[in-house]
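Inspection log for the structure reproduced underneath, given as structure tokens.
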Amino acid sequence: MLAVEQAKVEAFVNDFRGRVVFPNDSDYDEVRAVWNGMIDKRPAMIAQCMGTADVISSVNFAQEHGLPVSARGGGHNVAGNALCDDGIVIDFSKMKLVRVDPTAKRAYVSAGATLADLDHETQAFGLAAVGGVDSRTGVAGLTLGGGTGYLSRAYGISADNLMSADVVTAGGNLVHASEEENPDLLWALRGGGGNFGVLTSFEFKLHEVGPEVMTAQIFHPIEKGKEVLQFHRDFLKNAPDKLSVYALVVHVPPIAPFPEEFHGKSAIALVACYAGDMTEGKKLLEPLENFGDPILKAVMPMPYKVLQQSFDAGTPDGQRYYYKSQYLTELSDSAIDTILNYTKDLPGPFTIIGVEPMGGAINQVDKSATAFPHRNAAFNLGIWSGWSDSVEDTEMINWSREFHTAMEPFSTGGVYSNYMSDDEESRVKEAYGGNFDRLTKVKTKYDPDNFFRRNQNIKP
Ligand SMILES: Cc1cc2nc3c(=O)[nH]c(=O)nc-3n(C[C@H](O)[C@H](O)[C@H](O)COP(=O)(O)OP(=O)(O)OC[C@H]3O[C@@H](n4cnc5c(N)ncnc54)[C@H](O)[C@@H]3O)c2cc1C
């Protein structure tokens, strides 16, 4: 229930260029839905901004009437921080403009663009920004938390490639953050999350990639898991930075060309991308291609855009999801045994266990050079649980937690803020590591009253 005088609400709506969605609108449930179907927040207003003026008036309206706010980019965050109960969602989903300057190799990206939008525009010029590996993810949330994907070992995390941003502060002022202007703010935005203001636009450094890249997608039976994960670990040790290989424990999709006897069973997929010369890539992937006796293998050039979308269908919108994750110092044999202990019979049809490669350019940046401190890990282990029926909530959440606890002996002690579930507030310090105190100072400067707190929150 919105405790604001009707005339004030009407004045706000009349001056708004986008649309404001209210609980009595017929599409309210559709508009407030996010990727994680576990999230059921009921905002009083969803302000679908069309530009910076709408964003400023949303911030001012919320401040004036003491309403909670949240910022929605792609709506993909597992914790559901894009939404708030009884407050205003500053919804960027209609602001998707991406402008590329091919000569300067820069992209200027509005805050509602997804990775699919960004890839579409940049790939037209044979360029790419560093993104994640699911094309539906919002550029905004991904970048603010860090952002790792197939190009990260070559070019760093997304936040390392953020050159500047436009930010609306808690006071409703527009400020620019770059190396020259407000460099403390740019430092904090490179991994410190949505704590410091709402961003309307991002400027990224682009790299020459594609339009085709050399890829491998190779599925092995889970029974061969130990050999496959050992191979993955050892292979990456000597791999060049332009080569990225993910190991993913997944369910074999019940479709051709996967052999029927494996449908629905656990398998380990090695997914690789070489962001360089094709012939070189093909040669580099030979050991992967020749390893073991896989269920299915595809080693081939693929449009980068298609690779980016190839796992989207595995985690459909609106299902129930719960994440636990931690960075691993290395993938020891005991770590591998523990992973396999929990995954021989993977629960939940949409569950994926990700062993994400770090290293390369990610780890060549100093821990304190940006807000993102995780520059010493070999892998990020994601326990990404997904299921359909609420009856299974407790069982799936408990399984994820137990698995996570069993992996703690192998952890760096760090967690990726973008993979934190909504019950993990106590891990915020682990997410920001040694940068936490400096982030607190920047938070205190730009948001002293913690107006922006629907995030992995740093308190002023
Ligand atoms: C299926 C799936 C795959 C993923 N794969 C990867 C991956 O490969 N690599 C990776 O690094 N991450 C990955 N992620 C994690 C992803 O980066 C985070 O979930 C991220 O928060 C999503 O951003 P979003 O804009 O879509 O989310 P939203 O839920 O819209 O926003 C998340 C948070 O970001 C902040 N925010 C969003 N927009 C703004 C803004 N304009 N201004 C200020 N703050 C804002 C807010 O705090 C908000 O609560 C994946 C997530 C999913 C669900």
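Here, A, B, ... name the chains of the structure tokens in the order displayed, residue numbers run from 1 inside each chain, and ligands are numbered from 1 in the same displayed order.
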**Message:** DSSP on the backbone, helix (DSSP H, G or I) only: what residues of stretch 63-158 of chain A does that give? Format it as a list in words.
**Reply:** Gln63, Glu64, His65, Leu115, Ala116, Asp117, Leu118, Asp119, His120, Glu121, Thr122, Gln123, Val139, Ala140, Gly141, Leu142, Thr143, Leu144, Gly145, Ser152, Arg153, Ala154, Tyr155 and Ser158 of chain A
**Asked** Which protein, DNA or RNA residues have an atom within 6 Å of ligand 1, counting only C-alpha atoms and all ligand atoms, as a VMD selection string?
**Response** chain A and resid 71 to 78 80 to 82 111 132 to 134 137 to 142 147 to 149 193 to 194 197 to 200 315 418 to 419 454 to 455
Write out the residues from the selection above, keeping N, CA, C and O atoms, as a tab-separated table (two decimals), in the first residue's frame.
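The new file part_36.tsv reads:
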chain	number	residue	atom	x	y	z
A	71	ALA	N	17.07	-1.12	-7.83
A	71	ALA	CA	17.40	-0.88	-9.24
A	71	ALA	C	17.33	-2.19	-9.99
A	71	ALA	O	17.89	-3.20	-9.54
A	72	ARG	N	16.66	-2.16	-11.12
A	72	ARG	CA	16.54	-3.37	-11.92
A	72	ARG	C	17.25	-3.19	-13.26
A	72	ARG	O	16.92	-2.30	-14.04
A	73	GLY	N	18.25	-4.05	-13.51
A	73	GLY	CA	18.91	-4.07	-14.81
A	73	GLY	C	18.26	-5.17	-15.63
A	73	GLY	O	17.16	-5.03	-16.17
A	74	GLY	N	18.94	-6.33	-15.69
A	74	GLY	CA	18.39	-7.46	-16.43
A	74	GLY	C	17.47	-8.34	-15.59
A	74	GLY	O	16.90	-9.30	-16.09
A	75	GLY	N	17.36	-8.06	-14.30
A	75	GLY	CA	16.49	-8.85	-13.41
A	75	GLY	C	16.99	-10.27	-13.20
A	75	GLY	O	16.22	-11.17	-12.88
A	76	HIS	N	18.30	-10.46	-13.30
A	76	HIS	CA	18.84	-11.82	-13.27
A	76	HIS	C	19.47	-12.19	-11.94
A	76	HIS	O	19.90	-13.32	-11.76
A	77	ASN	N	19.57	-11.22	-11.03
A	77	ASN	CA	20.26	-11.51	-9.78
A	77	ASN	C	19.47	-12.53	-8.96
A	77	ASN	O	18.29	-12.35	-8.72
A	78	VAL	N	20.17	-13.58	-8.52
A	78	VAL	CA	19.51	-14.69	-7.83
A	78	VAL	C	18.87	-14.23	-6.52
A	78	VAL	O	17.85	-14.76	-6.09
A	80	GLY	N	17.35	-11.53	-5.98
A	80	GLY	CA	16.12	-10.77	-6.22
A	80	GLY	C	16.21	-9.32	-5.78
A	80	GLY	O	15.20	-8.66	-5.53
A	81	ASN	N	17.44	-8.80	-5.72
A	81	ASN	CA	17.62	-7.42	-5.26
A	81	ASN	C	17.08	-6.38	-6.24
A	81	ASN	O	17.03	-5.19	-5.91
A	82	ALA	N	16.68	-6.81	-7.42
A	82	ALA	CA	16.09	-5.87	-8.38
A	82	ALA	C	14.75	-5.33	-7.88
A	82	ALA	O	14.28	-4.30	-8.34
A	111	ALA	N	21.59	1.37	-19.16
A	111	ALA	CA	21.60	0.45	-18.01
A	111	ALA	C	20.65	-0.74	-18.11
A	111	ALA	O	20.72	-1.65	-17.30
A	132	GLY	N	29.37	-12.06	-19.34
A	132	GLY	CA	29.23	-13.38	-18.74
A	132	GLY	C	28.85	-14.39	-19.81
A	132	GLY	O	28.91	-14.07	-21.00
A	133	VAL	N	28.45	-15.58	-19.40
A	133	VAL	CA	28.19	-16.64	-20.38
A	133	VAL	C	26.69	-16.93	-20.54
A	133	VAL	O	26.32	-17.98	-21.05
A	134	ASP	N	25.84	-16.01	-20.10
A	134	ASP	CA	24.40	-16.16	-20.31
A	134	ASP	C	23.91	-14.86	-20.90
A	134	ASP	O	24.00	-13.81	-20.26
A	137	THR	N	21.63	-12.05	-19.16
A	137	THR	CA	22.08	-11.28	-17.99
A	137	THR	C	22.17	-9.79	-18.29
A	137	THR	O	22.60	-9.39	-19.38
A	138	GLY	N	21.81	-8.96	-17.32
A	138	GLY	CA	21.92	-7.51	-17.48
A	138	GLY	C	23.37	-7.07	-17.40
A	138	GLY	O	24.11	-7.52	-16.52
A	139	VAL	N	23.74	-6.16	-18.30
A	139	VAL	CA	25.09	-5.60	-18.29
A	139	VAL	C	25.33	-4.88	-16.95
A	139	VAL	O	26.42	-4.95	-16.36
A	140	ALA	N	24.29	-4.21	-16.44
A	140	ALA	CA	24.45	-3.38	-15.24
A	140	ALA	C	24.87	-4.20	-14.02
A	140	ALA	O	25.94	-4.00	-13.46
A	141	GLY	N	24.01	-5.13	-13.62
A	141	GLY	CA	24.32	-5.91	-12.42
A	141	GLY	C	25.60	-6.71	-12.58
A	141	GLY	O	26.44	-6.77	-11.67
A	142	LEU	N	25.78	-7.29	-13.75
A	142	LEU	CA	26.98	-8.10	-14.02
A	142	LEU	C	28.25	-7.28	-13.80
A	142	LEU	O	29.16	-7.68	-13.08
A	147	GLY	N	31.88	-9.43	-13.17
A	147	GLY	CA	31.62	-9.86	-14.54
A	147	GLY	C	32.72	-10.71	-15.12
A	147	GLY	O	33.75	-10.19	-15.54
A	148	THR	N	32.50	-12.02	-15.14
A	148	THR	CA	33.49	-12.92	-15.74
A	148	THR	C	32.84	-13.78	-16.81
A	148	THR	O	31.70	-14.22	-16.64
A	149	GLY	N	33.57	-14.03	-17.88
A	149	GLY	CA	33.05	-14.85	-18.97
A	149	GLY	C	34.19	-15.41	-19.80
A	149	GLY	O	35.34	-15.42	-19.36
A	193	GLY	N	29.33	-3.19	-6.60
A	193	GLY	CA	27.88	-3.37	-6.67
A	193	GLY	C	27.10	-2.07	-6.79
A	193	GLY	O	27.66	-1.00	-7.04
A	194	GLY	N	25.80	-2.18	-6.55
A	194	GLY	CA	24.90	-1.04	-6.73
A	194	GLY	C	24.79	-0.16	-5.50
A	194	GLY	O	23.76	0.46	-5.27
A	197	GLY	N	24.92	4.47	-6.08
A	197	GLY	CA	24.00	5.29	-6.87
A	197	GLY	C	23.37	4.40	-7.93
A	197	GLY	O	23.64	3.20	-7.97
A	198	VAL	N	22.54	5.01	-8.77
A	198	VAL	CA	22.00	4.23	-9.89
A	198	VAL	C	22.69	4.70	-11.17
A	198	VAL	O	22.73	5.90	-11.47
A	199	LEU	N	23.22	3.75	-11.91
A	199	LEU	CA	23.95	4.08	-13.14
A	199	LEU	C	22.97	4.14	-14.30
A	199	LEU	O	22.10	3.27	-14.42
A	200	THR	N	23.12	5.15	-15.12
A	200	THR	CA	22.26	5.21	-16.30
A	200	THR	C	23.00	4.74	-17.54
A	200	THR	O	22.41	4.23	-18.48
A	315	THR	N	18.59	-22.83	-17.96
A	315	THR	CA	18.06	-22.27	-16.71
A	315	THR	C	16.90	-21.33	-17.05
A	315	THR	O	17.05	-20.10	-17.06
A	418	ASN	N	28.05	-11.37	-7.07
A	418	ASN	CA	26.97	-11.61	-8.03
A	418	ASN	C	26.34	-12.99	-7.90
A	418	ASN	O	25.31	-13.25	-8.52
A	419	TYR	N	26.98	-13.88	-7.14
A	419	TYR	CA	26.40	-15.22	-6.97
A	419	TYR	C	25.84	-15.41	-5.55
A	419	TYR	O	25.61	-16.54	-5.14
A	454	ARG	N	19.26	-2.15	-1.41
A	454	ARG	CA	18.82	-3.45	-1.95
A	454	ARG	C	19.94	-3.94	-2.88
A	454	ARG	O	19.88	-3.87	-4.09
A	455	ASN	N	21.00	-4.44	-2.26
A	455	ASN	CA	22.18	-4.91	-2.99
A	455	ASN	C	23.04	-5.70	-2.00
A	455	ASN	O	22.60	-5.92	-0.87
**Request:** Could you check which of A:Trp35, A:Tyr108, A:Phe196, A:Tyr274 is closest to A:Ala154, using only C-alpha atoms?
**Result:** A:Tyr274
**Item:** Neighbour list for A:Ser334 as a PyMOL selection string, cut-off 12 Å, only C-alpha atoms, skip fewer than 3 positions in-chain
**Value:** chain A and resi 226+229-230+330-331+337-341+406-410
**Request:** Excluding A:Pro347 and any residue of its chain fewer than 2 positions from it, enumerate the residues within 9 Å of it, using only C-alpha atoms, and give them as an MDAnalysis selection string.
**Result:** chainID A and resid 343 345 349:351 385:387 396 399
Written file, previous selection with N, CA and C atoms, as a JSON list (two decimals), in the first residue's frame:
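Just written: part_31.json:
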[["chain", "number", "residue", "atom", "x", "y", "z"],
["A", 343, "THR", "N", 27.61, -34.84, -6.81],
["A", 343, "THR", "CA", 27.02, -34.60, -8.13],
["A", 343, "THR", "C", 26.80, -35.85, -8.98],
["A", 345, "ASP", "N", 24.58, -37.90, -8.80],
["A", 345, "ASP", "CA", 23.17, -37.89, -9.15],
["A", 345, "ASP", "C", 22.65, -36.49, -8.85],
["A", 349, "PRO", "N", 16.23, -30.38, -11.85],
["A", 349, "PRO", "CA", 16.44, -30.45, -13.30],
["A", 349, "PRO", "C", 17.26, -29.29, -13.88],
["A", 350, "PHE", "N", 17.27, -28.14, -13.16],
["A", 350, "PHE", "CA", 17.99, -26.97, -13.70],
["A", 350, "PHE", "C", 19.28, -26.68, -12.93],
["A", 351, "THR", "N", 19.72, -27.64, -12.13],
["A", 351, "THR", "CA", 20.94, -27.43, -11.35],
["A", 351, "THR", "C", 22.17, -27.57, -12.25],
["A", 385, "SER", "N", 21.71, -24.16, -7.94],
["A", 385, "SER", "CA", 20.62, -25.14, -7.87],
["A", 385, "SER", "C", 19.35, -24.59, -8.51],
["A", 386, "GLY", "N", 18.66, -25.45, -9.25],
["A", 386, "GLY", "CA", 17.44, -25.03, -9.93],
["A", 386, "GLY", "C", 16.41, -26.15, -9.98],
["A", 387, "TRP", "N", 15.16, -25.85, -9.60],
["A", 387, "TRP", "CA", 14.10, -26.84, -9.58],
["A", 387, "TRP", "C", 12.77, -26.14, -9.82],
["A", 396, "MET", "N", 16.34, -28.81, -1.58],
["A", 396, "MET", "CA", 17.34, -28.28, -2.52],
["A", 396, "MET", "C", 18.27, -27.27, -1.84],
["A", 399, "TRP", "N", 20.65, -29.18, 0.43],
["A", 399, "TRP", "CA", 21.67, -29.87, -0.37],
["A", 399, "TRP", "C", 22.76, -28.88, -0.80]]
**A:Leu270 surroundings by only C-alpha atoms, 8 Å radius, close-in-sequence under 6 positions cut, as a PyMOL selection string** = chain A and resi 216-219+232+245-248
**Complete:** The distance between atom CA of A:Pro301 and atom CA of A:Val213 is 5.4 Å
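With distances taken over only C-alpha atoms, A:Ser93 is the one residue among A:Thr440, A:Ser93, A:Asn60, A:Thr114 lying closest to A:Gln48.
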**Message:** What's around A:Lys41 at 8 Å? Count only C-alpha atoms, leave out sequence neighbours fewer than 6 positions away in its own chain, and write the answer as a PyMOL selection string.
**Reply:** chain A and resi 32+83-85
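With only C-alpha atoms as the basis for measurement, A:Lys205 is the residue among A:His65, A:Arg190, A:Lys205, A:Lys441 that approaches A:Val109 most closely.
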**Pairwise distance for atom CA of A:Ala378 and atom CA of A:Arg153, rounded to one decimal in Å** = 11.1 Å
**Item:** Residue contacts of A:Arg106 (6 Å, only C-alpha atoms) excluding same-chain residues fewer than 2 positions away, as a VMD selection string
**Value:** chain A and resid 100 to 101 104 204 to 206
Let's have the selection written as a CSV table (one decimal), in the first residue's frame, with C-alpha atoms.
chain,number,residue,atom,x,y,z
A,100,VAL,CA,29.5,1.6,-30.5
A,101,ASP,CA,32.5,3.7,-31.6
A,104,ALA,CA,38.0,4.2,-30.5
A,204,PHE,CA,33.3,-0.1,-22.0
A,205,LYS,CA,36.6,-0.8,-23.7
A,206,LEU,CA,36.1,-3.3,-26.6
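You will find atom CA of A:Asn290 at 12.0 Å from atom CA of A:Val228.
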**Prompt:** When DSSP works through the backbone of this structure, what residues of stretch 11-109 of chain A end up as strand (DSSP E or B), shown as a PyMOL selection string?
**Reply:** chain A and resi 19-21+45-48+69-72+88-91+98-101+106-109
**Which residue of A:Ser57, A:Ser244, A:Ser201, A:Thr394 approaches A:Leu151 most closely, using only C-alpha atoms** = A:Ser244
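Proximity ranking of A:Ile352, A:Leu328, A:Ala275, A:Ala53 relative to A:Phe379 places A:Leu328 first, based on only C-alpha atoms.
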